[in-house]
Amino acid sequence: MMMRFKACFTVVLMLSMVANMAEGQKLFSLEDVMSGGKNYAKVRIANKDLVWQGEELRTRKASDNEVDKSKKPYAELKDHQLYVTDTNNHTMQVTTDGSREIVYGEAVHRNEFGIETGLFWSPDRSRLAFYRMDQSMVTDYPQVDINTRCASYAPDKYPMAGETSHEVTIGVFDVKSGKTIYLKTGNPKDRYFASIAWSTDNTRIYLYELNRDQTDTSLDCYDAVSGEKLGTLYTEHDDRYVEPSHPIMFLPWDNSQFVLQSQKEGYNTLYICKLKGTTITQMKRLCTTQYSDYVVTEVYGFNAKKKAAIVQAVKSDKRDYNLFAVSLKTGKWEMLSNGTGVHRGILSPSGRQLVDNYSSVDTPRQIDVIDLDANKRTPYFTPEYTWEGFAVPQFKTGTVKAADGKTDLFYRMVLPYNFNPAKKYPTIVYVYGGPHAHNVDNSWNYGYRPWEVYMSQQGYIVFILDNRGSEDRGKEFEQVTFRQLGQEEMKDQMKGVEYLKSLPYVDSDRLGVHGWSFGGFMTISLMLNYPDVFKVAVAGGPVIDWKYYEVMYGERYMDTPQTNPEGYEKTSLLNKADRLKGKLLIIHGGNDKTVVPQHSLQFLKAAIDADKPIDFFIYPEEEHNMMKHRRIHLHEKITQYFLDYLK
């Protein structure tokens, strides 16, 4: 998101809407809470004028975001080919063999390792580095186009765990000469290249390489003119897996130093590195004792006056995400936010001003502008946001002990708006539980989802627990699931269920569970492994067997089916279909390219073979998430299933 201070910046506001009257109180309708969406506004900071406001932007490929024609040169993709237009509006065709199988300028490795784009301009825009992905050797997954007179074949390249993966190389286009060279990375088979960064003088490229097993990574340097490898600066090994997802960042005032991120010592943090040629002469962890267990979640850039990195970070056992200035000289951390809530920053190009956009448990939204040089905070925006007169549920939070008996897990509970502790309520466990996500924090009402509010108004309790394996709690917390996805997570979720059963107002005979994607996998796993606990379940886009999931993610957490057959057998749901007792609805996008439909179809077959009744709903042409009016339809479908069977 681009912004210019004393000019305009972009803010994203989630607009809540109102409908329906009942008992003198305003209730949210399902259409309201699911279709509010995001409205994008452009605001002039100086006088707070609304310059522009528009509807939600269409979903775009990451590479499309690189086409900013106000900057020249600029790059764009047309008919699989890569083109560059220079400052004289002269357009040059960079590639000629682009196709569905030879892909240029797109995010590769299925967007893992933090990869969001396939185009990387040098600082002065004289050279363009780009990914070339050869996926001709990858198996086609047989997606179907139903819009032709006879449904037609619309294959998608999908490398499954243990199968042949695509091969990636990195090209560098010189705008002045019009020539392209390729980095001499060697044989690309079973290798990953991520976190591409340029030197400040536009002559060198730095990137991380990983082996296919994802246990080893190296930070390598290449000559952007010749493509020659100049050296390896840094290596890291983990017996489980490493995840280099952040490019190195050179200091604006000293191009011999850069910041590197790693969680090798337990928590993702910053290291300041001094560089001489291609050798790191000094590497120092930027962390004082007080902040030794903080997880750095975002680096926004640098402030020259403070000689500091401006970051977002969270303490490993808390739910507050705060903004800090981390001294690159002393390692001292200075908190820039107020210590509570979830703060997200936008740093000005100069590094002198920071937008602090935050909410907390009792603050729906607040936007302040911080002058970092003057250490001055100016309130900019406080919305008129009140729930007065609405049928507002009760939000509760707390902790339960994980299955290991020592780790605190955070939960959120949403109680009906007219909650009566003398009554017993049906309760739905909403679950995700997978890596790189969390559901509970100290943002507005503990990070609630609008659907939870809607269900509370239907008389349900909704319970959400972040189990071990979820994000921002440190390496050990995250890696406990290695080679056995779902197993420790289920144990933790059941500790949450134990807590629910201890509450007099929870009806233990009316427990439901719902989740999507990894949460869909968790939903069915809980339903089959604890068949006497859950009465009703709705699983969306579920992983059923990890051998059908994609290479990069699947092999990181599970290894391959060939090297971990016990783990794949243990986590598969196909061999447990005969345990089904309650009501189960599975929902899947008809053209899901993330969790391919084969997952759900295989489970349907297993359930039929086991003579188990099962409900299934498919959204034709939809991918992993339903969008626009289909999203409303989806949540109506989910809601109605619980209303019908978890009364």
# chains A, B, ... in the order shown; residues from 1 in each chain; ligands from 1
$ residues_around --residues "segment 607-616 of chain A" --least-positions-apart "2" --cutoff "12 Å" --atoms "only C-alpha atoms" --output "MDAnalysis selection string"
chainID A and resid 524 528 536:542 573:590 597 600:605 618:619 637:638 641
$ residues_around --residues "segment 454-465 of chain A" --least-positions-apart "3" --cutoff "8 Å" --atoms "only C-alpha atoms" --output "VMD selection string"
chain A and resid 27 to 30 33 391 393 409 to 417 425 to 431 439 to 440 450 to 451 493 496 506 639
$ write_last_selection --atoms "N, CA, C and O atoms" --output "tab-separated table (two decimals), in the first residue's frame"
chain	number	residue	atom	x	y	z
A	27	LEU	N	-30.79	-6.08	14.84
A	27	LEU	CA	-30.05	-7.32	14.62
A	27	LEU	C	-29.29	-7.23	13.30
A	27	LEU	O	-29.76	-6.65	12.34
A	28	PHE	N	-28.14	-7.85	13.27
A	28	PHE	CA	-27.42	-7.98	12.02
A	28	PHE	C	-28.07	-9.09	11.20
A	28	PHE	O	-28.35	-10.17	11.72
A	29	SER	N	-28.28	-8.85	9.93
A	29	SER	CA	-28.70	-9.93	9.05
A	29	SER	C	-27.46	-10.61	8.51
A	29	SER	O	-26.37	-10.03	8.50
A	30	LEU	N	-27.61	-11.85	8.06
A	30	LEU	CA	-26.46	-12.57	7.54
A	30	LEU	C	-25.90	-11.86	6.32
A	30	LEU	O	-24.68	-11.76	6.15
A	33	VAL	N	-23.69	-8.88	7.53
A	33	VAL	CA	-22.40	-9.17	8.15
A	33	VAL	C	-21.45	-9.86	7.19
A	33	VAL	O	-20.23	-9.81	7.37
A	391	ALA	N	-28.25	-5.58	19.22
A	391	ALA	CA	-28.27	-6.84	19.97
A	391	ALA	C	-26.85	-7.37	20.04
A	391	ALA	O	-26.44	-8.25	19.30
A	393	PRO	N	-23.67	-9.28	21.41
A	393	PRO	CA	-23.35	-10.45	22.25
A	393	PRO	C	-22.31	-10.10	23.29
A	393	PRO	O	-21.72	-9.02	23.26
A	409	LEU	N	-3.12	-21.52	26.21
A	409	LEU	CA	-3.74	-21.29	24.91
A	409	LEU	C	-4.83	-20.24	25.06
A	409	LEU	O	-5.61	-20.28	26.02
A	410	PHE	N	-4.93	-19.34	24.09
A	410	PHE	CA	-5.90	-18.26	24.16
A	410	PHE	C	-7.21	-18.67	23.49
A	410	PHE	O	-7.21	-19.31	22.44
A	411	TYR	N	-8.32	-18.25	24.09
A	411	TYR	CA	-9.61	-18.51	23.47
A	411	TYR	C	-10.46	-17.25	23.45
A	411	TYR	O	-10.25	-16.31	24.20
A	412	ARG	N	-11.42	-17.26	22.55
A	412	ARG	CA	-12.48	-16.24	22.49
A	412	ARG	C	-13.82	-16.96	22.56
A	412	ARG	O	-14.00	-18.00	21.92
A	413	MET	N	-14.74	-16.44	23.35
A	413	MET	CA	-16.07	-17.01	23.44
A	413	MET	C	-17.09	-15.91	23.17
A	413	MET	O	-17.00	-14.82	23.72
A	414	VAL	N	-18.05	-16.21	22.31
A	414	VAL	CA	-19.12	-15.27	21.98
A	414	VAL	C	-20.42	-15.84	22.53
A	414	VAL	O	-20.87	-16.91	22.10
A	415	LEU	N	-21.02	-15.13	23.47
A	415	LEU	CA	-22.25	-15.57	24.12
A	415	LEU	C	-23.44	-14.85	23.50
A	415	LEU	O	-23.32	-13.72	23.02
A	416	PRO	N	-24.62	-15.47	23.51
A	416	PRO	CA	-25.81	-14.83	22.94
A	416	PRO	C	-26.07	-13.46	23.55
A	416	PRO	O	-25.77	-13.22	24.72
A	417	TYR	N	-26.64	-12.57	22.74
A	417	TYR	CA	-26.83	-11.19	23.20
A	417	TYR	C	-27.76	-11.10	24.40
A	417	TYR	O	-27.67	-10.19	25.23
A	425	TYR	N	-26.99	-23.79	26.34
A	425	TYR	CA	-26.96	-23.36	24.95
A	425	TYR	C	-26.19	-24.35	24.08
A	425	TYR	O	-25.15	-24.89	24.49
A	426	PRO	N	-26.69	-24.55	22.84
A	426	PRO	CA	-25.86	-25.28	21.88
A	426	PRO	C	-24.61	-24.47	21.59
A	426	PRO	O	-24.65	-23.23	21.56
A	427	THR	N	-23.50	-25.15	21.35
A	427	THR	CA	-22.21	-24.46	21.22
A	427	THR	C	-21.46	-24.96	19.99
A	427	THR	O	-21.39	-26.17	19.75
A	428	ILE	N	-20.91	-24.02	19.24
A	428	ILE	CA	-20.14	-24.34	18.03
A	428	ILE	C	-18.68	-23.99	18.27
A	428	ILE	O	-18.36	-22.87	18.65
A	429	VAL	N	-17.80	-24.95	18.04
A	429	VAL	CA	-16.36	-24.71	18.08
A	429	VAL	C	-15.93	-24.32	16.66
A	429	VAL	O	-16.05	-25.12	15.73
A	430	TYR	N	-15.48	-23.07	16.50
A	430	TYR	CA	-14.93	-22.66	15.21
A	430	TYR	C	-13.42	-22.87	15.27
A	430	TYR	O	-12.76	-22.42	16.21
A	431	VAL	N	-12.86	-23.53	14.26
A	431	VAL	CA	-11.46	-23.92	14.32
A	431	VAL	C	-10.76	-23.64	12.99
A	431	VAL	O	-11.34	-23.78	11.92
A	439	ASN	N	-6.47	-16.79	15.51
A	439	ASN	CA	-7.84	-16.28	15.55
A	439	ASN	C	-8.12	-15.33	16.71
A	439	ASN	O	-9.09	-14.59	16.68
A	440	VAL	N	-7.30	-15.40	17.75
A	440	VAL	CA	-7.59	-14.66	18.98
A	440	VAL	C	-6.47	-13.68	19.26
A	440	VAL	O	-5.29	-14.07	19.34
A	450	PRO	N	-17.79	-11.56	12.01
A	450	PRO	CA	-19.22	-11.19	12.00
A	450	PRO	C	-20.16	-12.39	12.09
A	450	PRO	O	-21.24	-12.29	12.68
A	451	TRP	N	-19.77	-13.53	11.49
A	451	TRP	CA	-20.64	-14.70	11.53
A	451	TRP	C	-20.87	-15.17	12.97
A	451	TRP	O	-21.94	-15.69	13.31
A	493	GLN	N	-7.51	-28.77	21.10
A	493	GLN	CA	-8.92	-28.38	20.92
A	493	GLN	C	-9.82	-29.12	21.91
A	493	GLN	O	-10.79	-28.56	22.42
A	496	GLY	N	-9.98	-27.46	25.10
A	496	GLY	CA	-10.99	-26.41	25.04
A	496	GLY	C	-12.38	-26.96	25.25
A	496	GLY	O	-13.22	-26.35	25.94
A	506	VAL	N	-23.26	-24.47	28.98
A	506	VAL	CA	-22.96	-25.15	27.73
A	506	VAL	C	-23.64	-26.51	27.72
A	506	VAL	O	-23.45	-27.32	28.64
A	639	THR	N	-25.06	-21.78	8.22
A	639	THR	CA	-25.95	-21.44	9.34
A	639	THR	C	-27.16	-22.37	9.38
A	639	THR	O	-27.52	-22.88	10.45
$ select_by_dssp --residues "segment 456-631 of chain A" --states "strand (DSSP E or B)" --output "ChimeraX atom specification"
/A:461-465,506-516,536-540,550,583-589,615-619
$ write_last_selection --atoms "C-alpha atoms" --output "PDB file, in the first residue's frame"
ATOM      1  CA  ILE A 461     -22.366 -19.945  21.838  1.00  0.00           C
ATOM      2  CA  VAL A 462     -19.309 -19.802  19.566  1.00  0.00           C
ATOM      3  CA  PHE A 463     -15.900 -20.849  20.931  1.00  0.00           C
ATOM      4  CA  ILE A 464     -12.527 -20.254  19.234  1.00  0.00           C
ATOM      5  CA  LEU A 465      -9.180 -21.568  20.512  1.00  0.00           C
ATOM      6  CA  VAL A 506     -22.959 -25.148  27.725  1.00  0.00           C
ATOM      7  CA  ASP A 507     -25.099 -28.055  26.539  1.00  0.00           C
ATOM      8  CA  SER A 508     -22.565 -30.866  26.157  1.00  0.00           C
ATOM      9  CA  ASP A 509     -25.065 -32.874  24.117  1.00  0.00           C
ATOM     10  CA  ARG A 510     -25.251 -30.129  21.498  1.00  0.00           C
ATOM     11  CA  LEU A 511     -21.698 -29.446  20.425  1.00  0.00           C
ATOM     12  CA  GLY A 512     -20.874 -28.559  16.831  1.00  0.00           C
ATOM     13  CA  VAL A 513     -17.655 -27.801  14.992  1.00  0.00           C
ATOM     14  CA  HIS A 514     -16.903 -25.760  11.876  1.00  0.00           C
ATOM     15  CA  GLY A 515     -13.816 -24.718   9.923  1.00  0.00           C
ATOM     16  CA  TRP A 516     -12.451 -24.050   6.453  1.00  0.00           C
ATOM     17  CA  VAL A 536     -22.886 -31.635  13.938  1.00  0.00           C
ATOM     18  CA  ALA A 537     -20.011 -30.472  11.757  1.00  0.00           C
ATOM     19  CA  VAL A 538     -19.583 -28.276   8.690  1.00  0.00           C
ATOM     20  CA  ALA A 539     -16.223 -28.597   6.917  1.00  0.00           C
ATOM     21  CA  GLY A 540     -15.291 -26.285   4.048  1.00  0.00           C
ATOM     22  CA  GLU A 550       0.842 -29.431  -2.723  1.00  0.00           C
ATOM     23  CA  LYS A 583     -24.278 -35.043  10.921  1.00  0.00           C
ATOM     24  CA  LEU A 584     -21.506 -33.848   8.585  1.00  0.00           C
ATOM     25  CA  LEU A 585     -21.755 -31.356   5.746  1.00  0.00           C
ATOM     26  CA  ILE A 586     -18.759 -30.919   3.434  1.00  0.00           C
ATOM     27  CA  ILE A 587     -18.616 -27.858   1.178  1.00  0.00           C
ATOM     28  CA  HIS A 588     -16.111 -27.474  -1.647  1.00  0.00           C
ATOM     29  CA  GLY A 589     -15.402 -25.098  -4.526  1.00  0.00           C
ATOM     30  CA  ASP A 615     -24.084 -34.297   3.092  1.00  0.00           C
ATOM     31  CA  PHE A 616     -22.143 -32.558   0.345  1.00  0.00           C
ATOM     32  CA  PHE A 617     -22.500 -29.196  -1.383  1.00  0.00           C
ATOM     33  CA  ILE A 618     -20.386 -27.888  -4.233  1.00  0.00           C
ATOM     34  CA  TYR A 619     -20.042 -24.338  -5.547  1.00  0.00           C
TER      35      TYR A 619
END
$ closest_atom_pairs --of "segment 272-318 of chain A" --to "segment 253-261 of chain A" --cutoff "8 Å" --atoms "only C-alpha atoms" --output "JSON lines"
{"residue": "A:Ile272", "atom": "CA", "partner": "A:Val259", "partner_atom": "CA", "distance": 4.7}
{"residue": "A:Cys273", "atom": "CA", "partner": "A:Phe258", "partner_atom": "CA", "distance": 5.4}
{"residue": "A:Lys274", "atom": "CA", "partner": "A:Gln257", "partner_atom": "CA", "distance": 4.6}
{"residue": "A:Leu275", "atom": "CA", "partner": "A:Ser256", "partner_atom": "CA", "distance": 5.1}
{"residue": "A:Lys276", "atom": "CA", "partner": "A:Ser256", "partner_atom": "CA", "distance": 6.8}
{"residue": "A:Ala304", "atom": "CA", "partner": "A:Trp253", "partner_atom": "CA", "distance": 7.1}
$ residues_around --residues "segment 237-251 of chain A" --least-positions-apart "6" --cutoff "8 Å" --atoms "only C-alpha atoms" --output "MDAnalysis selection string"
chainID A and resid 113:115 194:197 199:200 206:208 213:217 257:262 264 302 479 482 556:557
$ residues_around --residues "Asp220 of chain A" --least-positions-apart "2" --cutoff "8 Å" --atoms "only C-alpha atoms" --output "number ranges by chain"
A: 206-209, 218, 222, 229-234
$ write_last_selection --atoms "C-alpha atoms" --output "PDB file, in the first residue's frame"
ATOM      1  CA  TYR A 206      20.665 -11.649  -2.891  1.00  0.00           C
ATOM      2  CA  LEU A 207      18.322 -14.582  -2.419  1.00  0.00           C
ATOM      3  CA  TYR A 208      17.657 -17.567  -0.201  1.00  0.00           C
ATOM      4  CA  GLU A 209      17.957 -21.082  -1.567  1.00  0.00           C
ATOM      5  CA  SER A 218      21.639 -20.411   2.302  1.00  0.00           C
ATOM      6  CA  TYR A 222      24.883 -13.110  -7.501  1.00  0.00           C
ATOM      7  CA  LYS A 229      27.456 -16.606  -8.091  1.00  0.00           C
ATOM      8  CA  LEU A 230      29.700 -14.436  -5.943  1.00  0.00           C
ATOM      9  CA  GLY A 231      29.360 -16.299  -2.668  1.00  0.00           C
ATOM     10  CA  THR A 232      27.267 -17.599   0.215  1.00  0.00           C
ATOM     11  CA  LEU A 233      26.816 -15.155   3.071  1.00  0.00           C
ATOM     12  CA  TYR A 234      24.865 -17.217   5.589  1.00  0.00           C
TER      13      TYR A 234
END
$ residues_around --residues "Thr203 of chain A" --least-positions-apart "2" --cutoff "12 Å" --atoms "only C-alpha atoms" --output "compact mmCIF listing (two decimals) with all heavy atoms, in the first residue's frame"
# COMPACT_ATOMS: atom_id res chain seq x y z
N TRP A 121 12.25 -5.03 -9.25
CA TRP A 121 13.03 -3.95 -9.84
C TRP A 121 14.21 -3.60 -8.96
O TRP A 121 14.12 -3.59 -7.73
CB TRP A 121 12.16 -2.70 -10.02
CG TRP A 121 11.26 -2.74 -11.22
CD1 TRP A 121 9.92 -2.95 -11.23
CD2 TRP A 121 11.65 -2.56 -12.58
NE1 TRP A 121 9.44 -2.92 -12.51
CE2 TRP A 121 10.48 -2.67 -13.37
CE3 TRP A 121 12.88 -2.31 -13.22
CZ2 TRP A 121 10.50 -2.55 -14.76
CZ3 TRP A 121 12.89 -2.19 -14.60
CH2 TRP A 121 11.72 -2.31 -15.36
N SER A 122 15.34 -3.25 -9.62
CA SER A 122 16.48 -2.71 -8.88
C SER A 122 16.10 -1.33 -8.35
O SER A 122 15.14 -0.71 -8.84
CB SER A 122 17.70 -2.61 -9.79
OG SER A 122 17.46 -1.72 -10.86
N PRO A 123 16.80 -0.81 -7.35
CA PRO A 123 16.42 0.49 -6.76
C PRO A 123 16.28 1.62 -7.78
O PRO A 123 15.39 2.46 -7.65
CB PRO A 123 17.56 0.76 -5.78
CG PRO A 123 18.02 -0.60 -5.37
CD PRO A 123 17.90 -1.44 -6.60
N ASP A 124 17.15 1.65 -8.80
CA ASP A 124 17.06 2.73 -9.79
C ASP A 124 16.24 2.34 -11.02
O ASP A 124 16.17 3.08 -12.00
CB ASP A 124 18.45 3.18 -10.22
CG ASP A 124 19.21 2.11 -11.01
OD1 ASP A 124 18.69 0.97 -11.12
OD2 ASP A 124 20.31 2.41 -11.51
N ARG A 125 15.62 1.15 -10.98
CA ARG A 125 14.77 0.62 -12.05
C ARG A 125 15.53 0.49 -13.37
O ARG A 125 14.93 0.54 -14.46
CB ARG A 125 13.50 1.47 -12.23
CG ARG A 125 12.65 1.52 -10.97
CD ARG A 125 11.38 2.32 -11.18
NE ARG A 125 10.32 1.55 -11.83
CZ ARG A 125 9.48 0.73 -11.22
NH1 ARG A 125 9.59 0.51 -9.91
NH2 ARG A 125 8.54 0.10 -11.89
N SER A 126 16.83 0.26 -13.29
CA SER A 126 17.61 0.03 -14.50
C SER A 126 17.61 -1.45 -14.88
O SER A 126 17.88 -1.79 -16.04
CB SER A 126 19.06 0.50 -14.31
OG SER A 126 19.71 -0.26 -13.31
N ARG A 127 17.31 -2.31 -13.92
CA ARG A 127 17.30 -3.75 -14.17
C ARG A 127 16.07 -4.37 -13.50
O ARG A 127 15.63 -3.92 -12.44
CB ARG A 127 18.57 -4.43 -13.65
CG ARG A 127 19.84 -4.01 -14.38
CD ARG A 127 21.04 -4.82 -13.91
NE ARG A 127 22.24 -4.47 -14.68
CZ ARG A 127 23.16 -3.61 -14.28
NH1 ARG A 127 23.04 -3.00 -13.09
NH2 ARG A 127 24.21 -3.35 -15.04
N LEU A 128 15.58 -5.42 -14.12
CA LEU A 128 14.42 -6.14 -13.61
C LEU A 128 14.77 -7.61 -13.43
O LEU A 128 15.11 -8.30 -14.39
CB LEU A 128 13.23 -6.03 -14.57
CG LEU A 128 11.99 -6.87 -14.22
CD1 LEU A 128 11.32 -6.33 -12.96
CD2 LEU A 128 11.01 -6.89 -15.39
N ALA A 129 14.70 -8.09 -12.20
CA ALA A 129 14.83 -9.53 -11.95
C ALA A 129 13.44 -10.15 -12.01
O ALA A 129 12.46 -9.53 -11.57
CB ALA A 129 15.47 -9.78 -10.58
N VAL A 172 17.44 -11.68 -15.37
CA VAL A 172 17.67 -10.26 -15.10
C VAL A 172 17.69 -9.53 -16.44
O VAL A 172 18.53 -9.80 -17.30
CB VAL A 172 19.00 -10.02 -14.35
CG1 VAL A 172 19.15 -8.53 -14.05
CG2 VAL A 172 19.05 -10.83 -13.06
N ASP A 174 18.19 -6.07 -18.51
CA ASP A 174 18.84 -4.77 -18.47
C ASP A 174 18.08 -3.83 -19.41
O ASP A 174 18.05 -4.05 -20.62
CB ASP A 174 20.30 -4.88 -18.89
CG ASP A 174 21.07 -3.59 -18.71
OD1 ASP A 174 20.71 -2.58 -19.34
OD2 ASP A 174 22.03 -3.58 -17.92
N ALA A 197 16.36 -9.87 -3.15
CA ALA A 197 16.66 -8.48 -2.76
C ALA A 197 17.81 -7.96 -3.61
O ALA A 197 18.69 -8.72 -4.02
CB ALA A 197 17.03 -8.41 -1.27
N TRP A 198 17.80 -6.66 -3.85
CA TRP A 198 18.85 -6.00 -4.63
C TRP A 198 19.82 -5.27 -3.71
O TRP A 198 19.44 -4.78 -2.64
CB TRP A 198 18.24 -4.97 -5.58
CG TRP A 198 17.68 -5.54 -6.85
CD1 TRP A 198 16.40 -5.97 -7.04
CD2 TRP A 198 18.37 -5.73 -8.08
NE1 TRP A 198 16.25 -6.42 -8.34
CE2 TRP A 198 17.45 -6.28 -9.00
CE3 TRP A 198 19.68 -5.48 -8.51
CZ2 TRP A 198 17.78 -6.59 -10.31
CZ3 TRP A 198 20.02 -5.79 -9.82
CH2 TRP A 198 19.08 -6.34 -10.71
N SER A 199 21.07 -5.15 -4.16
CA SER A 199 22.02 -4.27 -3.48
C SER A 199 21.63 -2.84 -3.79
O SER A 199 20.95 -2.55 -4.79
CB SER A 199 23.44 -4.54 -3.96
OG SER A 199 23.58 -4.26 -5.35
N THR A 200 22.07 -1.91 -2.96
CA THR A 200 21.71 -0.51 -3.15
C THR A 200 22.33 0.09 -4.40
O THR A 200 21.85 1.10 -4.92
CB THR A 200 22.11 0.31 -1.92
OG1 THR A 200 23.51 0.15 -1.68
CG2 THR A 200 21.33 -0.13 -0.69
N ASP A 201 23.43 -0.52 -4.91
CA ASP A 201 24.07 0.02 -6.12
C ASP A 201 23.60 -0.69 -7.39
O ASP A 201 24.19 -0.51 -8.46
CB ASP A 201 25.59 -0.06 -6.00
CG ASP A 201 26.11 -1.50 -5.96
OD1 ASP A 201 25.28 -2.44 -5.99
OD2 ASP A 201 27.34 -1.68 -5.87
N ILE A 205 22.39 -9.27 -6.62
CA ILE A 205 21.12 -9.84 -6.19
C ILE A 205 21.38 -10.83 -5.08
O ILE A 205 22.28 -11.68 -5.17
CB ILE A 205 20.39 -10.51 -7.37
CG1 ILE A 205 19.93 -9.45 -8.37
CG2 ILE A 205 19.21 -11.34 -6.89
CD1 ILE A 205 19.31 -10.02 -9.63
N TYR A 206 20.57 -10.74 -4.03
CA TYR A 206 20.66 -11.65 -2.89
C TYR A 206 19.37 -12.45 -2.81
O TYR A 206 18.27 -11.92 -3.00
CB TYR A 206 20.87 -10.86 -1.59
CG TYR A 206 22.12 -10.01 -1.59
CD1 TYR A 206 22.11 -8.72 -2.14
CD2 TYR A 206 23.31 -10.49 -1.07
CE1 TYR A 206 23.25 -7.94 -2.15
CE2 TYR A 206 24.46 -9.72 -1.08
CZ TYR A 206 24.43 -8.44 -1.63
OH TYR A 206 25.57 -7.68 -1.64
N CYS A 221 24.70 -14.62 -2.96
CA CYS A 221 24.86 -13.36 -3.68
C CYS A 221 25.25 -13.64 -5.13
O CYS A 221 26.13 -14.48 -5.39
CB CYS A 221 25.93 -12.49 -3.00
SG CYS A 221 26.29 -10.95 -3.86
N TYR A 222 24.61 -12.93 -6.08
CA TYR A 222 24.88 -13.11 -7.50
C TYR A 222 25.17 -11.76 -8.15
O TYR A 222 24.62 -10.73 -7.76
CB TYR A 222 23.69 -13.76 -8.20
CG TYR A 222 23.47 -15.20 -7.82
CD1 TYR A 222 22.74 -15.54 -6.69
CD2 TYR A 222 24.02 -16.23 -8.58
CE1 TYR A 222 22.54 -16.86 -6.32
CE2 TYR A 222 23.83 -17.57 -8.22
CZ TYR A 222 23.10 -17.87 -7.10
OH TYR A 222 22.92 -19.19 -6.74
N ASP A 223 26.02 -11.80 -9.16
CA ASP A 223 26.32 -10.62 -9.97
C ASP A 223 25.16 -10.42 -10.94
O ASP A 223 24.85 -11.31 -11.74
CB ASP A 223 27.62 -10.82 -10.73
CG ASP A 223 28.08 -9.56 -11.45
OD1 ASP A 223 27.30 -9.03 -12.26
OD2 ASP A 223 29.22 -9.12 -11.21
N ALA A 224 24.52 -9.24 -10.91
CA ALA A 224 23.35 -8.99 -11.75
C ALA A 224 23.72 -8.73 -13.20
O ALA A 224 22.84 -8.71 -14.06
CB ALA A 224 22.57 -7.80 -11.19
N VAL A 225 25.00 -8.54 -13.49
CA VAL A 225 25.44 -8.30 -14.86
C VAL A 225 25.84 -9.59 -15.56
O VAL A 225 25.44 -9.87 -16.69
CB VAL A 225 26.62 -7.29 -14.89
CG1 VAL A 225 27.10 -7.07 -16.33
CG2 VAL A 225 26.20 -5.97 -14.26
N SER A 226 26.63 -10.40 -14.87
CA SER A 226 27.11 -11.65 -15.46
C SER A 226 26.29 -12.86 -15.07
O SER A 226 26.34 -13.90 -15.74
CB SER A 226 28.57 -11.88 -15.05
OG SER A 226 28.65 -12.15 -13.65
N GLY A 227 25.58 -12.79 -13.96
CA GLY A 227 24.83 -13.93 -13.45
C GLY A 227 25.66 -14.85 -12.59
O GLY A 227 25.14 -15.84 -12.05
N GLU A 228 26.94 -14.58 -12.45
CA GLU A 228 27.83 -15.44 -11.67
C GLU A 228 27.48 -15.40 -10.18
O GLU A 228 27.13 -14.35 -9.64
CB GLU A 228 29.29 -15.02 -11.85
CG GLU A 228 29.84 -15.18 -13.26
CD GLU A 228 30.07 -16.64 -13.63
OE1 GLU A 228 30.10 -17.49 -12.71
OE2 GLU A 228 30.23 -16.92 -14.84
N LEU A 230 28.55 -15.08 -6.58
CA LEU A 230 29.70 -14.44 -5.94
C LEU A 230 30.04 -15.05 -4.59
O LEU A 230 31.17 -14.93 -4.13
CB LEU A 230 29.44 -12.94 -5.78
CG LEU A 230 29.17 -12.17 -7.08
CD1 LEU A 230 28.87 -10.71 -6.79
CD2 LEU A 230 30.36 -12.30 -8.03
$ residues_around --residues "Met558 of chain A" --least-positions-apart "5" --cutoff "8 Å" --atoms "only C-alpha atoms" --output "JSON, numbers by chain"
{"A": [482, 483, 484, 485, 546, 564, 567, 568]}
$ residues_around --residues "Pro188 of chain A" --least-positions-apart "6" --cutoff "8 Å" --atoms "only C-alpha atoms" --output "number ranges by chain"
A: 167-169
$ write_last_selection --atoms "C-alpha atoms" --output "PDB file, in the first residue's frame"
ATOM      1  CA  GLU A 167      11.744 -25.801 -11.716  1.00  0.00           C
ATOM      2  CA  VAL A 168      12.522 -22.133 -11.198  1.00  0.00           C
ATOM      3  CA  THR A 169      15.264 -19.874 -12.539  1.00  0.00           C
TER       4      THR A 169
END
$ decode --residues "segment 614-618 of chain A" --atoms "N, CA, C and O atoms" --output "compact mmCIF listing (two decimals), in the first residue's frame"
# COMPACT_ATOMS: atom_id res chain seq x y z
N ILE A 614 -23.80 -38.84 4.54
CA ILE A 614 -22.99 -37.62 4.54
C ILE A 614 -23.64 -36.61 3.61
O ILE A 614 -24.27 -36.99 2.61
N ASP A 615 -23.53 -35.36 3.93
CA ASP A 615 -24.08 -34.30 3.09
C ASP A 615 -22.94 -33.56 2.40
O ASP A 615 -21.88 -33.31 3.00
N PHE A 616 -23.19 -33.18 1.15
CA PHE A 616 -22.14 -32.56 0.34
C PHE A 616 -22.75 -31.45 -0.49
O PHE A 616 -23.83 -31.60 -1.07
N PHE A 617 -22.04 -30.31 -0.56
CA PHE A 617 -22.50 -29.20 -1.38
C PHE A 617 -21.30 -28.63 -2.12
O PHE A 617 -20.24 -28.40 -1.53
N ILE A 618 -21.48 -28.40 -3.41
CA ILE A 618 -20.39 -27.89 -4.23
C ILE A 618 -20.79 -26.54 -4.83
O ILE A 618 -21.96 -26.33 -5.17
